[in-house]
Amino acid sequence: MRKLILTISLISLISASSRADDVVYLTKDTPSPYTGYLFPEEKAKLIRTQLIDLDELKYENASFQKSIDLYKKNEDLYSQKVNLLLDQNNKLVDTVYKEQQVSNLEKAMWFSIGVIATGLGVYVGKKVAQ
Amino acid sequence: MKKYLSYILTFLAGAGILVLAFLQRKNIEKVLKDNDKVKEELGKKDEAIASNNASLDQEEQKRQQAATEAEKLKNEKVDPNNIVDFFNQRK
């Protein structure tokens with residue numbers, strides 16, 4: 001049988017040449033350096049592929065979590081911007097309204113001054129004519 | 001006397017309107033200053049948003065890179081040595 005055998009140790013008991021937590025490659029009929037699990041080569045390749053996928057998914061999960069946090073921060077910032085703008089808009093509307101009121105009073109005052117000045121002019125004119 | 005009183009009242013009303021107008025100008029100046037501060041704050045928030053967006057793009061790139069590397073690793077020719085290395089490096 002040409003099948004190569006791979007040992008993946010999960011439980012360490014005996015250590016000969018290699019450490020008990022090392023994965024070692026064994027050919028058929030080679031004595032195992034420690035007690036562990038034996039996988040056929042194809043199974044080991046499959047596990048390797050699945051572990052690569054798992055690592056990738058773990059990384060993606062962590063990365064997406066970071067992205068979600070960043071999106072939440074952006075959402076907060078946008079809300080703060082909206083609140084700031086609404087608040088400032090209210091202040092500006094209020095100021096414009098007050099300015100309009102004062103402006104009307106000012107116009108009325110200048111109109112009155114105009115009337116008084118005209119009246120005074122006519123009065124002085126009459127007096128001078130007399 | 002009544003005549004003078006009416007003059008004084010008219011003068012006071014005129015002065016009151018001028019003071020009101022003056023105060024309103026001051027109020028407008030204050031609101032404009034506040035407006036500038038708001039603009040500044042909005043600018044800072046825009047900067048923070050831009051920075052977050054840059055980080056989001058970076059994160060997206062890292063994910064794509066990791067996916068490419070994972071795919072490359074999966075497709076590479078495996079021999080007993082690199083399988084052993086792979087498992088031992090996972091510790």
# chains A, B, ... in the order shown; residues from 1 in each chain; ligands from 1
>>> residues_around(residues="region 25-32 of chain B", least_positions_apart="4", cutoff="8 Å", atoms="only C-alpha atoms", output="list in words")
Lys91, Leu92 and Thr95 of chain A; Ala21 and Asp36 of chain B
>>> write_last_selection(atoms="all heavy atoms", output="PDB file, in the first residue's frame")
ATOM      1  N   LYS A  91     -31.702  78.292  14.987  1.00  0.00           N
ATOM      2  CA  LYS A  91     -31.142  79.566  15.465  1.00  0.00           C
ATOM      3  C   LYS A  91     -31.182  80.624  14.353  1.00  0.00           C
ATOM      4  O   LYS A  91     -31.525  81.778  14.590  1.00  0.00           O
ATOM      5  CB  LYS A  91     -29.685  79.366  15.904  1.00  0.00           C
ATOM      6  CG  LYS A  91     -29.544  78.781  17.285  1.00  0.00           C
ATOM      7  CD  LYS A  91     -28.065  78.698  17.654  1.00  0.00           C
ATOM      8  CE  LYS A  91     -27.859  77.882  18.899  1.00  0.00           C
ATOM      9  NZ  LYS A  91     -26.455  77.533  19.095  1.00  0.00           N
ATOM     10  N   LEU A  92     -30.828  80.187  13.151  1.00  0.00           N
ATOM     11  CA  LEU A  92     -30.807  81.132  12.024  1.00  0.00           C
ATOM     12  C   LEU A  92     -32.213  81.626  11.686  1.00  0.00           C
ATOM     13  O   LEU A  92     -32.414  82.822  11.445  1.00  0.00           O
ATOM     14  CB  LEU A  92     -30.163  80.483  10.794  1.00  0.00           C
ATOM     15  CG  LEU A  92     -28.645  80.271  10.868  1.00  0.00           C
ATOM     16  CD1 LEU A  92     -28.160  79.439   9.699  1.00  0.00           C
ATOM     17  CD2 LEU A  92     -27.904  81.596  10.900  1.00  0.00           C
ATOM     18  N   THR A  95     -33.223  84.105  14.276  1.00  0.00           N
ATOM     19  CA  THR A  95     -32.524  85.392  14.085  1.00  0.00           C
ATOM     20  C   THR A  95     -33.120  86.175  12.920  1.00  0.00           C
ATOM     21  O   THR A  95     -33.321  87.386  13.017  1.00  0.00           O
ATOM     22  CB  THR A  95     -31.024  85.144  13.803  1.00  0.00           C
ATOM     23  OG1 THR A  95     -30.519  84.303  14.821  1.00  0.00           O
ATOM     24  CG2 THR A  95     -30.239  86.427  13.788  1.00  0.00           C
TER      25      THR A  95
ATOM     26  N   ALA B  21     -32.193  97.868  17.612  1.00  0.00           N
ATOM     27  CA  ALA B  21     -31.515  97.560  16.348  1.00  0.00           C
ATOM     28  C   ALA B  21     -30.051  97.213  16.609  1.00  0.00           C
ATOM     29  O   ALA B  21     -29.510  96.264  16.034  1.00  0.00           O
ATOM     30  CB  ALA B  21     -31.619  98.759  15.398  1.00  0.00           C
ATOM     31  N   ASP B  36     -20.034  79.927  12.231  1.00  0.00           N
ATOM     32  CA  ASP B  36     -18.665  79.553  11.856  1.00  0.00           C
ATOM     33  C   ASP B  36     -18.184  78.366  12.689  1.00  0.00           C
ATOM     34  O   ASP B  36     -17.528  77.458  12.176  1.00  0.00           O
ATOM     35  CB  ASP B  36     -17.710  80.735  12.045  1.00  0.00           C
ATOM     36  CG  ASP B  36     -17.918  81.795  10.976  1.00  0.00           C
ATOM     37  OD1 ASP B  36     -18.520  81.451   9.939  1.00  0.00           O
ATOM     38  OD2 ASP B  36     -17.505  82.949  11.183  1.00  0.00           O
TER      39      ASP B  36
END
>>> interface_residues(of="chain B", to="chain A", cutoff="9 Å", atoms="only C-alpha atoms", output="VMD selection string")
chain B and resid 13 to 14 17 to 18 20 to 21 24 to 25 27 to 28 31 to 32 34 to 35 38 41 to 42 45 to 46 48 to 49 52 to 53 55 to 56 59 to 60 62 to 63 66 to 67 70 to 71 73 to 75 78 80 to 81 83 to 88 91
>>> select_by_dssp(residues="chain A", states="helix (DSSP H, G or I)", output="VMD selection string")
chain A and resid 41 to 129
>>> select_by_dssp(residues="region 11-101 of chain A", states="strand (DSSP E or B)", output="list of chain:residue names")
A:Val24, A:Tyr25, A:Leu26, A:Tyr37, A:Leu38, A:Phe39, A:Pro40
>>> atom_distance(atom1="CA of Asp79 (chain B)", atom2="CA of Asp29 (chain A)")
19.6 Å
>>> atom_distance(atom1="CA of Lys58 (chain A)", atom2="CA of Tyr37 (chain A)")
25.4 Å
>>> atom_distance(atom1="CA of Asp94 (chain A)", atom2="CA of Lys39 (chain B)")
18.4 Å
>>> decode(residues="region 14-33 of chain B", atoms="N, CA and C atoms", output="mmCIF file, in the first residue's frame")
data_model
loop_
_atom_site.group_PDB
_atom_site.id
_atom_site.type_symbol
_atom_site.label_atom_id
_atom_site.label_comp_id
_atom_site.auth_asym_id
_atom_site.auth_seq_id
_atom_site.Cartn_x
_atom_site.Cartn_y
_atom_site.Cartn_z
ATOM 1 N N GLY B 14 -37.781 106.454 19.987
ATOM 2 C CA GLY B 14 -36.781 106.411 18.906
ATOM 3 C C GLY B 14 -35.480 105.798 19.391
ATOM 4 N N ALA B 15 -35.038 106.252 20.596
ATOM 5 C CA ALA B 15 -33.784 105.721 21.156
ATOM 6 C C ALA B 15 -33.920 104.218 21.431
ATOM 7 N N GLY B 16 -35.100 103.835 21.926
ATOM 8 C CA GLY B 16 -35.359 102.406 22.209
ATOM 9 C C GLY B 16 -35.231 101.564 20.952
ATOM 10 N N ILE B 17 -35.808 102.079 19.872
ATOM 11 C CA ILE B 17 -35.737 101.337 18.596
ATOM 12 C C ILE B 17 -34.290 101.217 18.134
ATOM 13 N N LEU B 18 -33.522 102.304 18.297
ATOM 14 C CA LEU B 18 -32.104 102.264 17.881
ATOM 15 C C LEU B 18 -31.307 101.261 18.732
ATOM 16 N N VAL B 19 -31.586 101.281 20.064
ATOM 17 C CA VAL B 19 -30.904 100.319 20.950
ATOM 18 C C VAL B 19 -31.264 98.890 20.546
ATOM 19 N N LEU B 20 -32.561 98.687 20.253
ATOM 20 C CA LEU B 20 -33.035 97.366 19.825
ATOM 21 C C LEU B 20 -32.309 96.922 18.552
ATOM 22 N N ALA B 21 -32.193 97.868 17.612
ATOM 23 C CA ALA B 21 -31.515 97.560 16.348
ATOM 24 C C ALA B 21 -30.051 97.213 16.609
ATOM 25 N N PHE B 22 -29.430 97.994 17.537
ATOM 26 C CA PHE B 22 -28.028 97.742 17.877
ATOM 27 C C PHE B 22 -27.858 96.345 18.487
ATOM 28 N N LEU B 23 -28.752 96.042 19.431
ATOM 29 C CA LEU B 23 -28.682 94.718 20.079
ATOM 30 C C LEU B 23 -28.891 93.597 19.070
ATOM 31 N N GLN B 24 -29.816 93.859 18.139
ATOM 32 C CA GLN B 24 -30.083 92.851 17.116
ATOM 33 C C GLN B 24 -28.851 92.616 16.238
ATOM 34 N N ARG B 25 -28.139 93.708 15.918
ATOM 35 C CA ARG B 25 -26.896 93.566 15.138
ATOM 36 C C ARG B 25 -25.897 92.686 15.900
ATOM 37 N N LYS B 26 -25.807 92.954 17.217
ATOM 38 C CA LYS B 26 -24.892 92.178 18.069
ATOM 39 C C LYS B 26 -25.295 90.702 18.040
ATOM 40 N N ASN B 27 -26.611 90.493 18.144
ATOM 41 C CA ASN B 27 -27.144 89.124 18.135
ATOM 42 C C ASN B 27 -26.810 88.421 16.821
ATOM 43 N N ILE B 28 -26.922 89.165 15.726
ATOM 44 C CA ILE B 28 -26.602 88.597 14.405
ATOM 45 C C ILE B 28 -25.123 88.222 14.342
ATOM 46 N N GLU B 29 -24.278 89.118 14.886
ATOM 47 C CA GLU B 29 -22.832 88.830 14.902
ATOM 48 C C GLU B 29 -22.553 87.544 15.674
ATOM 49 N N LYS B 30 -23.247 87.410 16.819
ATOM 50 C CA LYS B 30 -23.053 86.217 17.661
ATOM 51 C C LYS B 30 -23.504 84.960 16.896
ATOM 52 N N VAL B 31 -24.656 85.069 16.246
ATOM 53 C CA VAL B 31 -25.174 83.914 15.492
ATOM 54 C C VAL B 31 -24.226 83.545 14.354
ATOM 55 N N LEU B 32 -23.650 84.582 13.713
ATOM 56 C CA LEU B 32 -22.707 84.306 12.621
ATOM 57 C C LEU B 32 -21.440 83.621 13.144
ATOM 58 N N LYS B 33 -21.004 84.070 14.337
ATOM 59 C CA LYS B 33 -19.839 83.423 14.952
ATOM 60 C C LYS B 33 -20.167 81.959 15.263
#
